[in-house]
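Engineer: Next comes the structure file run_29.pdb, holding PDB, C-alpha atoms.
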```pdb
MODEL        1
ATOM      1  CA  MET A   1     -14.239   0.591 -29.930  1.00  0.00           C
ATOM      2  CA  SER A   2     -10.621   1.099 -30.961  1.00  0.00           C
ATOM      3  CA  GLU A   3      -7.900  -1.426 -30.117  1.00  0.00           C
ATOM      4  CA  ILE A   4      -6.224   1.077 -27.775  1.00  0.00           C
ATOM      5  CA  ALA A   5      -9.517   1.693 -25.944  1.00  0.00           C
ATOM      6  CA  GLU A   6     -10.095  -2.068 -25.658  1.00  0.00           C
ATOM      7  CA  ASN A   7      -6.605  -2.611 -24.249  1.00  0.00           C
ATOM      8  CA  ILE A   8      -7.122   0.106 -21.638  1.00  0.00           C
ATOM      9  CA  GLN A   9     -10.487  -1.339 -20.618  1.00  0.00           C
ATOM     10  CA  ARG A  10      -9.037  -4.832 -20.283  1.00  0.00           C
ATOM     11  CA  ILE A  11      -6.103  -3.655 -18.158  1.00  0.00           C
ATOM     12  CA  LEU A  12      -8.332  -1.527 -15.913  1.00  0.00           C
ATOM     13  CA  HIS A  13     -10.684  -4.490 -15.477  1.00  0.00           C
ATOM     14  CA  ASN A  14      -7.764  -6.706 -14.450  1.00  0.00           C
ATOM     15  CA  LEU A  15      -6.314  -4.051 -12.127  1.00  0.00           C
ATOM     16  CA  GLN A  16      -9.614  -3.931 -10.203  1.00  0.00           C
ATOM     17  CA  GLY A  17      -8.712  -0.541  -8.782  1.00  0.00           C
ATOM     18  CA  LYS A  18      -5.640  -1.894  -6.975  1.00  0.00           C
ATOM     19  CA  ALA A  19      -3.191   0.372  -8.819  1.00  0.00           C
ATOM     20  CA  LYS A  20      -3.242   3.524 -10.933  1.00  0.00           C
ATOM     21  CA  LEU A  21      -2.605   3.037 -14.650  1.00  0.00           C
ATOM     22  CA  VAL A  22      -0.010   5.300 -16.268  1.00  0.00           C
ATOM     23  CA  ALA A  23      -0.101   4.829 -20.049  1.00  0.00           C
ATOM     24  CA  VAL A  24       3.483   4.971 -21.302  1.00  0.00           C
ATOM     25  CA  SER A  25       3.314   6.951 -24.518  1.00  0.00           C
ATOM     26  CA  LYS A  26       7.009   7.323 -25.398  1.00  0.00           C
ATOM     27  CA  THR A  27       7.639   7.151 -29.168  1.00  0.00           C
ATOM     28  CA  LYS A  28       3.868   7.037 -29.766  1.00  0.00           C
ATOM     29  CA  PRO A  29       2.224   9.562 -32.094  1.00  0.00           C
ATOM     30  CA  ILE A  30      -0.119  12.291 -30.865  1.00  0.00           C
ATOM     31  CA  GLU A  31      -3.068  10.493 -32.509  1.00  0.00           C
ATOM     32  CA  ALA A  32      -2.533   7.334 -30.435  1.00  0.00           C
ATOM     33  CA  ILE A  33      -2.281   9.336 -27.199  1.00  0.00           C
ATOM     34  CA  GLN A  34      -5.442  11.258 -28.127  1.00  0.00           C
ATOM     35  CA  GLU A  35      -7.172   7.932 -28.754  1.00  0.00           C
ATOM     36  CA  ALA A  36      -6.233   6.743 -25.262  1.00  0.00           C
ATOM     37  CA  TYR A  37      -7.382  10.076 -23.838  1.00  0.00           C
ATOM     38  CA  ASP A  38     -10.722   9.758 -25.636  1.00  0.00           C
ATOM     39  CA  ALA A  39     -11.069   6.317 -24.017  1.00  0.00           C
ATOM     40  CA  GLY A  40     -10.865   8.008 -20.610  1.00  0.00           C
ATOM     41  CA  GLN A  41      -7.149   7.660 -19.835  1.00  0.00           C
ATOM     42  CA  ARG A  42      -5.689  10.776 -18.151  1.00  0.00           C
ATOM     43  CA  ALA A  43      -2.273   9.776 -16.750  1.00  0.00           C
ATOM     44  CA  PHE A  44       0.500   9.384 -19.332  1.00  0.00           C
ATOM     45  CA  GLY A  45       4.184   8.587 -18.897  1.00  0.00           C
ATOM     46  CA  GLU A  46       7.058   9.799 -21.034  1.00  0.00           C
ATOM     47  CA  ASN A  47      10.729   8.830 -20.783  1.00  0.00           C
ATOM     48  CA  TYR A  48      12.399  11.678 -22.623  1.00  0.00           C
ATOM     49  CA  VAL A  49      12.148  15.375 -21.806  1.00  0.00           C
ATOM     50  CA  GLN A  50      12.431  16.548 -25.414  1.00  0.00           C
ATOM     51  CA  GLU A  51       9.634  14.251 -26.575  1.00  0.00           C
ATOM     52  CA  LEU A  52       7.427  15.290 -23.663  1.00  0.00           C
ATOM     53  CA  ILE A  53       7.811  19.032 -24.247  1.00  0.00           C
ATOM     54  CA  ASP A  54       7.055  18.518 -27.955  1.00  0.00           C
ATOM     55  CA  LYS A  55       3.847  16.582 -27.238  1.00  0.00           C
ATOM     56  CA  GLN A  56       2.433  18.436 -24.226  1.00  0.00           C
ATOM     57  CA  PRO A  57       1.199  21.583 -26.055  1.00  0.00           C
ATOM     58  CA  GLN A  58      -0.524  19.474 -28.737  1.00  0.00           C
ATOM     59  CA  LEU A  59      -2.660  17.474 -26.315  1.00  0.00           C
ATOM     60  CA  PRO A  60      -5.473  18.214 -23.817  1.00  0.00           C
ATOM     61  CA  GLN A  61      -4.240  20.367 -20.968  1.00  0.00           C
ATOM     62  CA  ASP A  62      -5.812  18.241 -18.225  1.00  0.00           C
ATOM     63  CA  ILE A  63      -3.463  15.314 -18.897  1.00  0.00           C
ATOM     64  CA  GLU A  64      -1.477  14.293 -15.815  1.00  0.00           C
ATOM     65  CA  TRP A  65       2.058  13.904 -17.139  1.00  0.00           C
ATOM     66  CA  HIS A  66       4.487  11.509 -15.456  1.00  0.00           C
ATOM     67  CA  LEU A  67       8.170  11.807 -16.377  1.00  0.00           C
ATOM     68  CA  ILE A  68       9.232   8.210 -15.810  1.00  0.00           C
ATOM     69  CA  GLY A  69      12.693   8.062 -17.382  1.00  0.00           C
ATOM     70  CA  HIS A  70      16.067   9.135 -16.028  1.00  0.00           C
ATOM     71  CA  VAL A  71      16.231  12.931 -16.076  1.00  0.00           C
ATOM     72  CA  GLN A  72      19.302  15.146 -16.191  1.00  0.00           C
ATOM     73  CA  THR A  73      19.271  18.149 -13.868  1.00  0.00           C
ATOM     74  CA  ASN A  74      19.725  20.606 -16.759  1.00  0.00           C
ATOM     75  CA  LYS A  75      16.477  19.358 -18.365  1.00  0.00           C
ATOM     76  CA  VAL A  76      14.188  19.817 -15.340  1.00  0.00           C
ATOM     77  CA  LYS A  77      13.425  23.453 -16.191  1.00  0.00           C
ATOM     78  CA  TYR A  78      11.659  22.400 -19.402  1.00  0.00           C
ATOM     79  CA  VAL A  79       9.068  20.202 -17.681  1.00  0.00           C
ATOM     80  CA  ALA A  80       8.681  22.046 -14.364  1.00  0.00           C
ATOM     81  CA  PRO A  81       5.797  24.245 -15.646  1.00  0.00           C
ATOM     82  CA  PHE A  82       3.444  21.295 -16.225  1.00  0.00           C
ATOM     83  CA  VAL A  83       4.703  17.850 -15.145  1.00  0.00           C
ATOM     84  CA  SER A  84       2.748  16.282 -12.249  1.00  0.00           C
ATOM     85  CA  TRP A  85       5.085  13.444 -11.292  1.00  0.00           C
ATOM     86  CA  ILE A  86       8.807  12.677 -11.655  1.00  0.00           C
ATOM     87  CA  HIS A  87       9.367   8.968 -11.009  1.00  0.00           C
ATOM     88  CA  ALA A  88      13.129   8.538 -11.252  1.00  0.00           C
ATOM     89  CA  VAL A  89      14.690  10.756  -8.593  1.00  0.00           C
ATOM     90  CA  ASP A  90      18.030   9.233  -7.662  1.00  0.00           C
ATOM     91  CA  SER A  91      20.096  12.060  -6.141  1.00  0.00           C
ATOM     92  CA  GLU A  92      19.868  15.050  -3.837  1.00  0.00           C
ATOM     93  CA  LYS A  93      21.221  17.188  -6.661  1.00  0.00           C
ATOM     94  CA  LEU A  94      18.168  16.290  -8.775  1.00  0.00           C
ATOM     95  CA  LEU A  95      15.756  16.922  -5.877  1.00  0.00           C
ATOM     96  CA  THR A  96      17.322  20.347  -5.335  1.00  0.00           C
ATOM     97  CA  GLU A  97      16.924  21.225  -9.010  1.00  0.00           C
ATOM     98  CA  ILE A  98      13.292  20.050  -9.153  1.00  0.00           C
ATOM     99  CA  ASN A  99      12.550  22.176  -6.078  1.00  0.00           C
ATOM    100  CA  LYS A 100      14.270  25.211  -7.612  1.00  0.00           C
ATOM    101  CA  GLN A 101      12.462  24.967 -10.951  1.00  0.00           C
ATOM    102  CA  ALA A 102       9.050  24.140  -9.419  1.00  0.00           C
ATOM    103  CA  ALA A 103       9.394  27.194  -7.142  1.00  0.00           C
ATOM    104  CA  LYS A 104       9.650  29.442 -10.210  1.00  0.00           C
ATOM    105  CA  HIS A 105       6.172  28.283 -11.248  1.00  0.00           C
ATOM    106  CA  GLU A 106       4.803  28.113  -7.693  1.00  0.00           C
ATOM    107  CA  ARG A 107       3.851  24.468  -8.076  1.00  0.00           C
ATOM    108  CA  VAL A 108       4.616  21.348  -6.095  1.00  0.00           C
ATOM    109  CA  ILE A 109       5.842  18.336  -8.085  1.00  0.00           C
ATOM    110  CA  ASN A 110       5.216  14.801  -6.813  1.00  0.00           C
ATOM    111  CA  CYS A 111       8.423  12.764  -6.793  1.00  0.00           C
ATOM    112  CA  LEU A 112       9.324   9.111  -6.331  1.00  0.00           C
ATOM    113  CA  LEU A 113      12.769   7.916  -5.274  1.00  0.00           C
ATOM    114  CA  GLN A 114      14.110   5.339  -7.716  1.00  0.00           C
ATOM    115  CA  VAL A 115      15.742   2.292  -6.133  1.00  0.00           C
ATOM    116  CA  HIS A 116      18.028   0.010  -8.149  1.00  0.00           C
ATOM    117  CA  ILE A 117      16.436  -3.406  -7.528  1.00  0.00           C
ATOM    118  CA  ALA A 118      17.342  -5.130 -10.841  1.00  0.00           C
ATOM    119  CA  GLN A 119      20.331  -7.300 -11.699  1.00  0.00           C
ATOM    120  CA  GLU A 120      21.242  -5.179 -14.734  1.00  0.00           C
ATOM    121  CA  GLU A 121      23.922  -2.568 -14.109  1.00  0.00           C
ATOM    122  CA  SER A 122      22.428  -0.385 -16.847  1.00  0.00           C
ATOM    123  CA  LYS A 123      19.392   0.602 -14.786  1.00  0.00           C
ATOM    124  CA  TYR A 124      19.469   3.770 -12.709  1.00  0.00           C
ATOM    125  CA  GLY A 125      18.506   4.273  -9.090  1.00  0.00           C
ATOM    126  CA  ILE A 126      19.742   4.545  -5.535  1.00  0.00           C
ATOM    127  CA  ALA A 127      21.388   1.340  -4.299  1.00  0.00           C
ATOM    128  CA  VAL A 128      19.268  -0.827  -1.999  1.00  0.00           C
ATOM    129  CA  SER A 129      21.840  -0.415   0.787  1.00  0.00           C
ATOM    130  CA  ASP A 130      21.832   3.382   0.368  1.00  0.00           C
ATOM    131  CA  ILE A 131      18.104   4.185   0.231  1.00  0.00           C
ATOM    132  CA  LYS A 132      17.530   4.323   4.005  1.00  0.00           C
ATOM    133  CA  PRO A 133      20.598   6.509   4.776  1.00  0.00           C
ATOM    134  CA  PHE A 134      19.653   8.693   1.771  1.00  0.00           C
ATOM    135  CA  CYS A 135      16.152   9.284   3.144  1.00  0.00           C
ATOM    136  CA  GLU A 136      17.352   9.822   6.700  1.00  0.00           C
ATOM    137  CA  SER A 137      19.795  12.501   5.554  1.00  0.00           C
ATOM    138  CA  LEU A 138      17.120  14.430   3.620  1.00  0.00           C
ATOM    139  CA  GLN A 139      16.030  17.717   5.171  1.00  0.00           C
ATOM    140  CA  LEU A 140      12.482  17.728   3.768  1.00  0.00           C
ATOM    141  CA  GLU A 141      11.872  21.350   4.771  1.00  0.00           C
ATOM    142  CA  GLN A 142      14.550  22.334   2.248  1.00  0.00           C
ATOM    143  CA  TYR A 143      12.266  21.100  -0.549  1.00  0.00           C
ATOM    144  CA  PRO A 144       8.915  22.882  -0.151  1.00  0.00           C
ATOM    145  CA  TYR A 145       8.125  22.506  -3.872  1.00  0.00           C
ATOM    146  CA  VAL A 146       8.805  18.758  -3.947  1.00  0.00           C
ATOM    147  CA  ASN A 147       6.465  16.156  -2.480  1.00  0.00           C
ATOM    148  CA  ILE A 148       8.202  12.797  -2.001  1.00  0.00           C
ATOM    149  CA  ARG A 149       5.368  10.324  -2.406  1.00  0.00           C
ATOM    150  CA  GLY A 150       7.131   6.950  -2.357  1.00  0.00           C
ATOM    151  CA  LEU A 151       9.475   4.660  -4.276  1.00  0.00           C
ATOM    152  CA  MET A 152       9.892   3.500  -7.870  1.00  0.00           C
ATOM    153  CA  GLY A 153      11.756   0.490  -9.213  1.00  0.00           C
ATOM    154  CA  MET A 154      12.264  -1.600 -12.329  1.00  0.00           C
ATOM    155  CA  ALA A 155      12.661  -5.369 -12.120  1.00  0.00           C
ATOM    156  CA  SER A 156      15.245  -7.245 -14.165  1.00  0.00           C
ATOM    157  CA  PHE A 157      14.255  -7.702 -17.805  1.00  0.00           C
ATOM    158  CA  CYS A 158      14.053 -11.488 -17.800  1.00  0.00           C
ATOM    159  CA  GLU A 159      11.718 -14.495 -17.956  1.00  0.00           C
ATOM    160  CA  ASP A 160      12.474 -15.582 -14.381  1.00  0.00           C
ATOM    161  CA  PHE A 161       9.227 -14.767 -12.579  1.00  0.00           C
ATOM    162  CA  LYS A 162      10.713 -15.852  -9.249  1.00  0.00           C
ATOM    163  CA  GLN A 163      13.489 -13.272  -9.585  1.00  0.00           C
ATOM    164  CA  ILE A 164      11.049 -10.535 -10.661  1.00  0.00           C
ATOM    165  CA  THR A 165       8.790 -11.374  -7.709  1.00  0.00           C
ATOM    166  CA  GLU A 166      11.728 -11.185  -5.289  1.00  0.00           C
ATOM    167  CA  GLU A 167      12.800  -7.795  -6.665  1.00  0.00           C
ATOM    168  CA  PHE A 168       9.307  -6.322  -6.357  1.00  0.00           C
ATOM    169  CA  ARG A 169       8.979  -7.824  -2.867  1.00  0.00           C
ATOM    170  CA  LEU A 170      12.271  -6.159  -1.926  1.00  0.00           C
ATOM    171  CA  LEU A 171      11.020  -2.750  -3.072  1.00  0.00           C
ATOM    172  CA  LYS A 172       7.801  -3.195  -1.100  1.00  0.00           C
ATOM    173  CA  SER A 173       9.753  -4.105   2.051  1.00  0.00           C
ATOM    174  CA  LEU A 174      12.005  -1.040   1.629  1.00  0.00           C
ATOM    175  CA  PHE A 175       8.877   1.104   1.236  1.00  0.00           C
ATOM    176  CA  ASP A 176       7.264  -0.422   4.335  1.00  0.00           C
ATOM    177  CA  ASP A 177      10.413   0.180   6.373  1.00  0.00           C
ATOM    178  CA  LEU A 178      10.661   3.846   5.298  1.00  0.00           C
ATOM    179  CA  LYS A 179       6.917   4.326   5.861  1.00  0.00           C
ATOM    180  CA  ALA A 180       7.288   3.044   9.425  1.00  0.00           C
ATOM    181  CA  THR A 181      10.409   5.107  10.198  1.00  0.00           C
ATOM    182  CA  ARG A 182      11.559   8.129   8.199  1.00  0.00           C
ATOM    183  CA  PHE A 183       8.136   8.954   6.711  1.00  0.00           C
ATOM    184  CA  GLN A 184       6.003   7.793   9.640  1.00  0.00           C
ATOM    185  CA  SER A 185       4.296  11.179  10.004  1.00  0.00           C
ATOM    186  CA  LYS A 186       3.899  11.725   6.234  1.00  0.00           C
ATOM    187  CA  GLU A 187       0.462  10.381   5.333  1.00  0.00           C
ATOM    188  CA  ASP A 188       0.925  10.839   1.596  1.00  0.00           C
ATOM    189  CA  PHE A 189       4.129   8.780   1.436  1.00  0.00           C
ATOM    190  CA  ASP A 190       1.915   6.088  -0.048  1.00  0.00           C
ATOM    191  CA  GLN A 191       3.008   5.180  -3.585  1.00  0.00           C
ATOM    192  CA  ILE A 192       5.067   2.341  -5.072  1.00  0.00           C
ATOM    193  CA  SER A 193       5.587   2.630  -8.827  1.00  0.00           C
ATOM    194  CA  MET A 194       6.532  -0.810 -10.142  1.00  0.00           C
ATOM    195  CA  GLY A 195       5.348  -3.000 -12.968  1.00  0.00           C
ATOM    196  CA  MET A 196       5.367  -2.595 -16.746  1.00  0.00           C
ATOM    197  CA  SER A 197       3.713  -4.384 -19.688  1.00  0.00           C
ATOM    198  CA  GLY A 198       5.535  -7.681 -19.115  1.00  0.00           C
ATOM    199  CA  ASP A 199       5.380  -7.937 -15.333  1.00  0.00           C
ATOM    200  CA  TRP A 200       2.637  -5.683 -13.962  1.00  0.00           C
ATOM    201  CA  PRO A 201       0.391  -8.509 -12.645  1.00  0.00           C
ATOM    202  CA  ILE A 202       3.287  -9.653 -10.411  1.00  0.00           C
ATOM    203  CA  ALA A 203       3.927  -6.052  -9.331  1.00  0.00           C
ATOM    204  CA  VAL A 204       0.293  -5.525  -8.312  1.00  0.00           C
ATOM    205  CA  GLU A 205       0.331  -8.820  -6.424  1.00  0.00           C
ATOM    206  CA  GLU A 206       3.398  -7.549  -4.527  1.00  0.00           C
ATOM    207  CA  GLY A 207       1.867  -4.183  -3.613  1.00  0.00           C
ATOM    208  CA  SER A 208       2.372  -1.779  -6.515  1.00  0.00           C
ATOM    209  CA  THR A 209       0.119   1.301  -6.502  1.00  0.00           C
ATOM    210  CA  ILE A 210       1.210   2.666  -9.922  1.00  0.00           C
ATOM    211  CA  VAL A 211       1.840   0.559 -13.030  1.00  0.00           C
ATOM    212  CA  ARG A 212       3.567   1.968 -16.120  1.00  0.00           C
ATOM    213  CA  ILE A 213       2.187   0.213 -19.208  1.00  0.00           C
ATOM    214  CA  GLY A 214       3.074   1.011 -22.805  1.00  0.00           C
ATOM    215  CA  SER A 215       3.171  -1.798 -25.363  1.00  0.00           C
ATOM    216  CA  ALA A 216       0.197  -3.636 -23.828  1.00  0.00           C
ATOM    217  CA  ILE A 217      -1.860  -0.499 -24.594  1.00  0.00           C
ATOM    218  CA  PHE A 218      -0.302   0.948 -27.747  1.00  0.00           C
ATOM    219  CA  GLY A 219       1.281  -2.146 -29.285  1.00  0.00           C
ATOM    220  CA  SER A 220       4.967  -2.850 -29.765  1.00  0.00           C
ATOM    221  CA  ARG A 221       7.224  -0.112 -31.011  1.00  0.00           C
TER
ENDMDL
END
```
Go through the file and emit its structure as structure tokens.
Structural biologist:
Amino acid sequence: MSEIAENIQRILHNLQGKAKLVAVSKTKPIEAIQEAYDAGQRAFGENYVQELIDKQPQLPQDIEWHLIGHVQTNKVKYVAPFVSWIHAVDSEKLLTEINKQAAKHERVINCLLQVHIAQEESKYGIAVSDIKPFCESLQLEQYPYVNIRGLMGMASFCEDFKQITEEFRLLKSLFDDLKATRFQSKEDFDQISMGMSGDWPIAVEEGSTIVRIGSAIFGSR
């Protein structure tokens, strides 16, 4: 068994079905992604639109592609024909564009609202204090080609496990609040995308349903 296949098996064993594994394949060659696919992996995450649209035609067409990086509105049209999930929605302008481009292909794209839970200013996302008003102001019927499925967040890049735990716990509490209020009648508002190679066990412990793992599968860049 290849190293990539072994890594996937080990992570899936440790996840115990608690969260979905998205294999983050940014900067990885087609061969490595194919190797992961051959090991049974079907959900892959890419950060950059250009890289994703280069890779997608060269790989099996039943791959479930997750665009997990920050996306500019003018790039949405390139991925709208095939992407299954967009994780980093942080504005109404972006939601409107995803809806517009998905409509052209008569497909519904699953979206997650990105919340800025980390200490670093460099990370994107809707401010913690703004996420509830943002959701309450959304007119969901205006977005028939977008399915808002939950929240996404990235913890601070640090060694302080207490801080990381608190940030993930915050995202889970924001999700629970929105689930009980704004999205009370939306059964499929049920996903929290948090946790990467360095912190996914904490994320799963705190309620993550989707983990985005790259280097622990494919090795360091």
Engineer: Taking the file as shown, find all residues satisfying the PyMOL selection byres ((chain A and resi 114) around 12) and write them as a ChimeraX atom specification.
Structural biologist: /A:68-71,86-92,94-95,111-113,115-118,123-128,130-131,134-135,148-155,171,174-175,191-194
Engineer: May I have the residues from that selection written out with C-alpha atoms, as a PDB file, in the coordinates of the input?
Structural biologist:
```pdb
ATOM      1  CA  ILE A  68       9.232   8.210 -15.810  1.00  0.00           C
ATOM      2  CA  GLY A  69      12.693   8.062 -17.382  1.00  0.00           C
ATOM      3  CA  HIS A  70      16.067   9.135 -16.028  1.00  0.00           C
ATOM      4  CA  VAL A  71      16.231  12.931 -16.076  1.00  0.00           C
ATOM      5  CA  ILE A  86       8.807  12.677 -11.655  1.00  0.00           C
ATOM      6  CA  HIS A  87       9.367   8.968 -11.009  1.00  0.00           C
ATOM      7  CA  ALA A  88      13.129   8.538 -11.252  1.00  0.00           C
ATOM      8  CA  VAL A  89      14.690  10.756  -8.593  1.00  0.00           C
ATOM      9  CA  ASP A  90      18.030   9.233  -7.662  1.00  0.00           C
ATOM     10  CA  SER A  91      20.096  12.060  -6.141  1.00  0.00           C
ATOM     11  CA  GLU A  92      19.868  15.050  -3.837  1.00  0.00           C
ATOM     12  CA  LEU A  94      18.168  16.290  -8.775  1.00  0.00           C
ATOM     13  CA  LEU A  95      15.756  16.922  -5.877  1.00  0.00           C
ATOM     14  CA  CYS A 111       8.423  12.764  -6.793  1.00  0.00           C
ATOM     15  CA  LEU A 112       9.324   9.111  -6.331  1.00  0.00           C
ATOM     16  CA  LEU A 113      12.769   7.916  -5.274  1.00  0.00           C
ATOM     17  CA  VAL A 115      15.742   2.292  -6.133  1.00  0.00           C
ATOM     18  CA  HIS A 116      18.028   0.010  -8.149  1.00  0.00           C
ATOM     19  CA  ILE A 117      16.436  -3.406  -7.528  1.00  0.00           C
ATOM     20  CA  ALA A 118      17.342  -5.130 -10.841  1.00  0.00           C
ATOM     21  CA  LYS A 123      19.392   0.602 -14.786  1.00  0.00           C
ATOM     22  CA  TYR A 124      19.469   3.770 -12.709  1.00  0.00           C
ATOM     23  CA  GLY A 125      18.506   4.273  -9.090  1.00  0.00           C
ATOM     24  CA  ILE A 126      19.742   4.545  -5.535  1.00  0.00           C
ATOM     25  CA  ALA A 127      21.388   1.340  -4.299  1.00  0.00           C
ATOM     26  CA  VAL A 128      19.268  -0.827  -1.999  1.00  0.00           C
ATOM     27  CA  ASP A 130      21.832   3.382   0.368  1.00  0.00           C
ATOM     28  CA  ILE A 131      18.104   4.185   0.231  1.00  0.00           C
ATOM     29  CA  PHE A 134      19.653   8.693   1.771  1.00  0.00           C
ATOM     30  CA  CYS A 135      16.152   9.284   3.144  1.00  0.00           C
ATOM     31  CA  ILE A 148       8.202  12.797  -2.001  1.00  0.00           C
ATOM     32  CA  ARG A 149       5.368  10.324  -2.406  1.00  0.00           C
ATOM     33  CA  GLY A 150       7.131   6.950  -2.357  1.00  0.00           C
ATOM     34  CA  LEU A 151       9.475   4.660  -4.276  1.00  0.00           C
ATOM     35  CA  MET A 152       9.892   3.500  -7.870  1.00  0.00           C
ATOM     36  CA  GLY A 153      11.756   0.490  -9.213  1.00  0.00           C
ATOM     37  CA  MET A 154      12.264  -1.600 -12.329  1.00  0.00           C
ATOM     38  CA  ALA A 155      12.661  -5.369 -12.120  1.00  0.00           C
ATOM     39  CA  LEU A 171      11.020  -2.750  -3.072  1.00  0.00           C
ATOM     40  CA  LEU A 174      12.005  -1.040   1.629  1.00  0.00           C
ATOM     41  CA  PHE A 175       8.877   1.104   1.236  1.00  0.00           C
ATOM     42  CA  GLN A 191       3.008   5.180  -3.585  1.00  0.00           C
ATOM     43  CA  ILE A 192       5.067   2.341  -5.072  1.00  0.00           C
ATOM     44  CA  SER A 193       5.587   2.630  -8.827  1.00  0.00           C
ATOM     45  CA  MET A 194       6.532  -0.810 -10.142  1.00  0.00           C
TER      46      MET A 194
END
```
Engineer: Quick one: everything within 12 Å of Pro29 in chain A, counting only C-alpha atoms, minus sequence neighbours fewer than 4 positions away in the same chain. Send it as a PyMOL selection string.
Structural biologist: chain A and resi 24-25+33-36+51-52+54-56+58-59+218+221
Engineer: Write out, as a PDB file, in the frame of the given file, the residues just selected, with C-alpha atoms.
Structural biologist:
```pdb
ATOM      1  CA  VAL A  24       3.483   4.971 -21.302  1.00  0.00           C
ATOM      2  CA  SER A  25       3.314   6.951 -24.518  1.00  0.00           C
ATOM      3  CA  ILE A  33      -2.281   9.336 -27.199  1.00  0.00           C
ATOM      4  CA  GLN A  34      -5.442  11.258 -28.127  1.00  0.00           C
ATOM      5  CA  GLU A  35      -7.172   7.932 -28.754  1.00  0.00           C
ATOM      6  CA  ALA A  36      -6.233   6.743 -25.262  1.00  0.00           C
ATOM      7  CA  GLU A  51       9.634  14.251 -26.575  1.00  0.00           C
ATOM      8  CA  LEU A  52       7.427  15.290 -23.663  1.00  0.00           C
ATOM      9  CA  ASP A  54       7.055  18.518 -27.955  1.00  0.00           C
ATOM     10  CA  LYS A  55       3.847  16.582 -27.238  1.00  0.00           C
ATOM     11  CA  GLN A  56       2.433  18.436 -24.226  1.00  0.00           C
ATOM     12  CA  GLN A  58      -0.524  19.474 -28.737  1.00  0.00           C
ATOM     13  CA  LEU A  59      -2.660  17.474 -26.315  1.00  0.00           C
ATOM     14  CA  PHE A 218      -0.302   0.948 -27.747  1.00  0.00           C
ATOM     15  CA  ARG A 221       7.224  -0.112 -31.011  1.00  0.00           C
TER      16      ARG A 221
END
```
Engineer: Between CA of Asp160 in chain A and CA of Glu121 in chain A, measure the distance and give it in Å to one decimal.
Structural biologist: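 Result for CA of Asp160 in chain A versus CA of Glu121 in chain A: 17.3 Å, one decimal.
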Engineer: Using only C-alpha atoms, find the one residue out of A:Arg169, A:Lys162, A:Arg182, A:Lys104 that sits nearest to Tyr145 in chain A.
Structural biologist: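 Among A:Arg169, A:Lys162, A:Arg182, A:Lys104, it is A:Lys104 that comes nearest to Tyr145 in chain A.
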Engineer: Can you work out the spacing between CA of Gly17 in chain A and CA of Ile210 in chain A in Å, to one decimal?
Structural biologist: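 Interatomic distance, CA of Gly17 in chain A to CA of Ile210 in chain A: 10.5 Å.
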Engineer: Quick one: what's the axis-aligned box for range 22-28 of chain A, all listed atoms, 8 Å on every side, centre and edges in Å to one decimal, as JSON?
Structural biologist:
```
{"center_x": 3.8, "center_y": 6.1, "center_z": -23.0, "size_x": 23.7, "size_y": 18.5, "size_z": 29.5}
```
Engineer: Between A:Asn99, A:Leu12, A:Ser137, A:Asn7, which one has atoms that come closest to Pro201 in chain A, using only C-alpha atoms?
Structural biologist: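 Counting only C-alpha atoms, the residue closest to Pro201 in chain A is A:Leu12.
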Engineer: Within 10 Å of (18.1, 21.3, -8.5), only C-alpha atoms: residues as a PDB file with C-alpha atoms, keeping the file's coordinate frame?
Structural biologist:
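result_39.pdb, freshly written:
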```pdb
ATOM      1  CA  GLN A  72      19.302  15.146 -16.191  1.00  0.00           C
ATOM      2  CA  THR A  73      19.271  18.149 -13.868  1.00  0.00           C
ATOM      3  CA  ASN A  74      19.725  20.606 -16.759  1.00  0.00           C
ATOM      4  CA  VAL A  76      14.188  19.817 -15.340  1.00  0.00           C
ATOM      5  CA  LYS A  77      13.425  23.453 -16.191  1.00  0.00           C
ATOM      6  CA  SER A  91      20.096  12.060  -6.141  1.00  0.00           C
ATOM      7  CA  GLU A  92      19.868  15.050  -3.837  1.00  0.00           C
ATOM      8  CA  LYS A  93      21.221  17.188  -6.661  1.00  0.00           C
ATOM      9  CA  LEU A  94      18.168  16.290  -8.775  1.00  0.00           C
ATOM     10  CA  LEU A  95      15.756  16.922  -5.877  1.00  0.00           C
ATOM     11  CA  THR A  96      17.322  20.347  -5.335  1.00  0.00           C
ATOM     12  CA  GLU A  97      16.924  21.225  -9.010  1.00  0.00           C
ATOM     13  CA  ILE A  98      13.292  20.050  -9.153  1.00  0.00           C
ATOM     14  CA  ASN A  99      12.550  22.176  -6.078  1.00  0.00           C
ATOM     15  CA  LYS A 100      14.270  25.211  -7.612  1.00  0.00           C
ATOM     16  CA  GLN A 101      12.462  24.967 -10.951  1.00  0.00           C
ATOM     17  CA  ALA A 102       9.050  24.140  -9.419  1.00  0.00           C
ATOM     18  CA  TYR A 143      12.266  21.100  -0.549  1.00  0.00           C
TER      19      TYR A 143
END
```
Engineer: Ala5 in chain A: which residues within 9 Å, counting all atoms listed in the file, same-chain residues fewer than 6 positions away excluded, as number ranges by chain?
Structural biologist: A: 35-41, 217
Engineer: Any idea what the distance is between CA of His66 in chain A and CA of Glu187 in chain A?
Structural biologist: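 Atom-to-atom, CA of His66 in chain A to CA of Glu187 in chain A, that is 21.2 Å.
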Engineer: Residues at most 7 Å from Ala43 in chain A, counting only C-alpha atoms, excluding those fewer than 2 positions away in the same chain, as a list in words?
Structural biologist: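 The residues that qualify are Val22, Ala23, Gln41, Gly45, Ile63, Glu64 and Trp65 of chain A.
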Engineer: For a quick check of understanding, using only C-alpha atoms, which of A:Glu120, A:Cys158, A:Ser185, A:Asp176 has the smallest distance to Ser208 in chain A?
Structural biologist: A:Asp176
Engineer: May I have the residues within 8 Å of Val49 in chain A as a PyMOL selection string, using all atoms listed in the file and disregarding those fewer than 5 positions away in the same chain?
Structural biologist: chain A and resi 67+71+75+78-79
Engineer: Would you please work out which residue, of A:Gly219, A:Pro144, A:Gly214, A:Pro81, is nearest to Asp199 in chain A when using all atoms listed in the file?
Structural biologist: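 Checking each of A:Gly219, A:Pro144, A:Gly214, A:Pro81 against Asp199 in chain A, counting all atoms listed in the file, the winner is A:Gly214.
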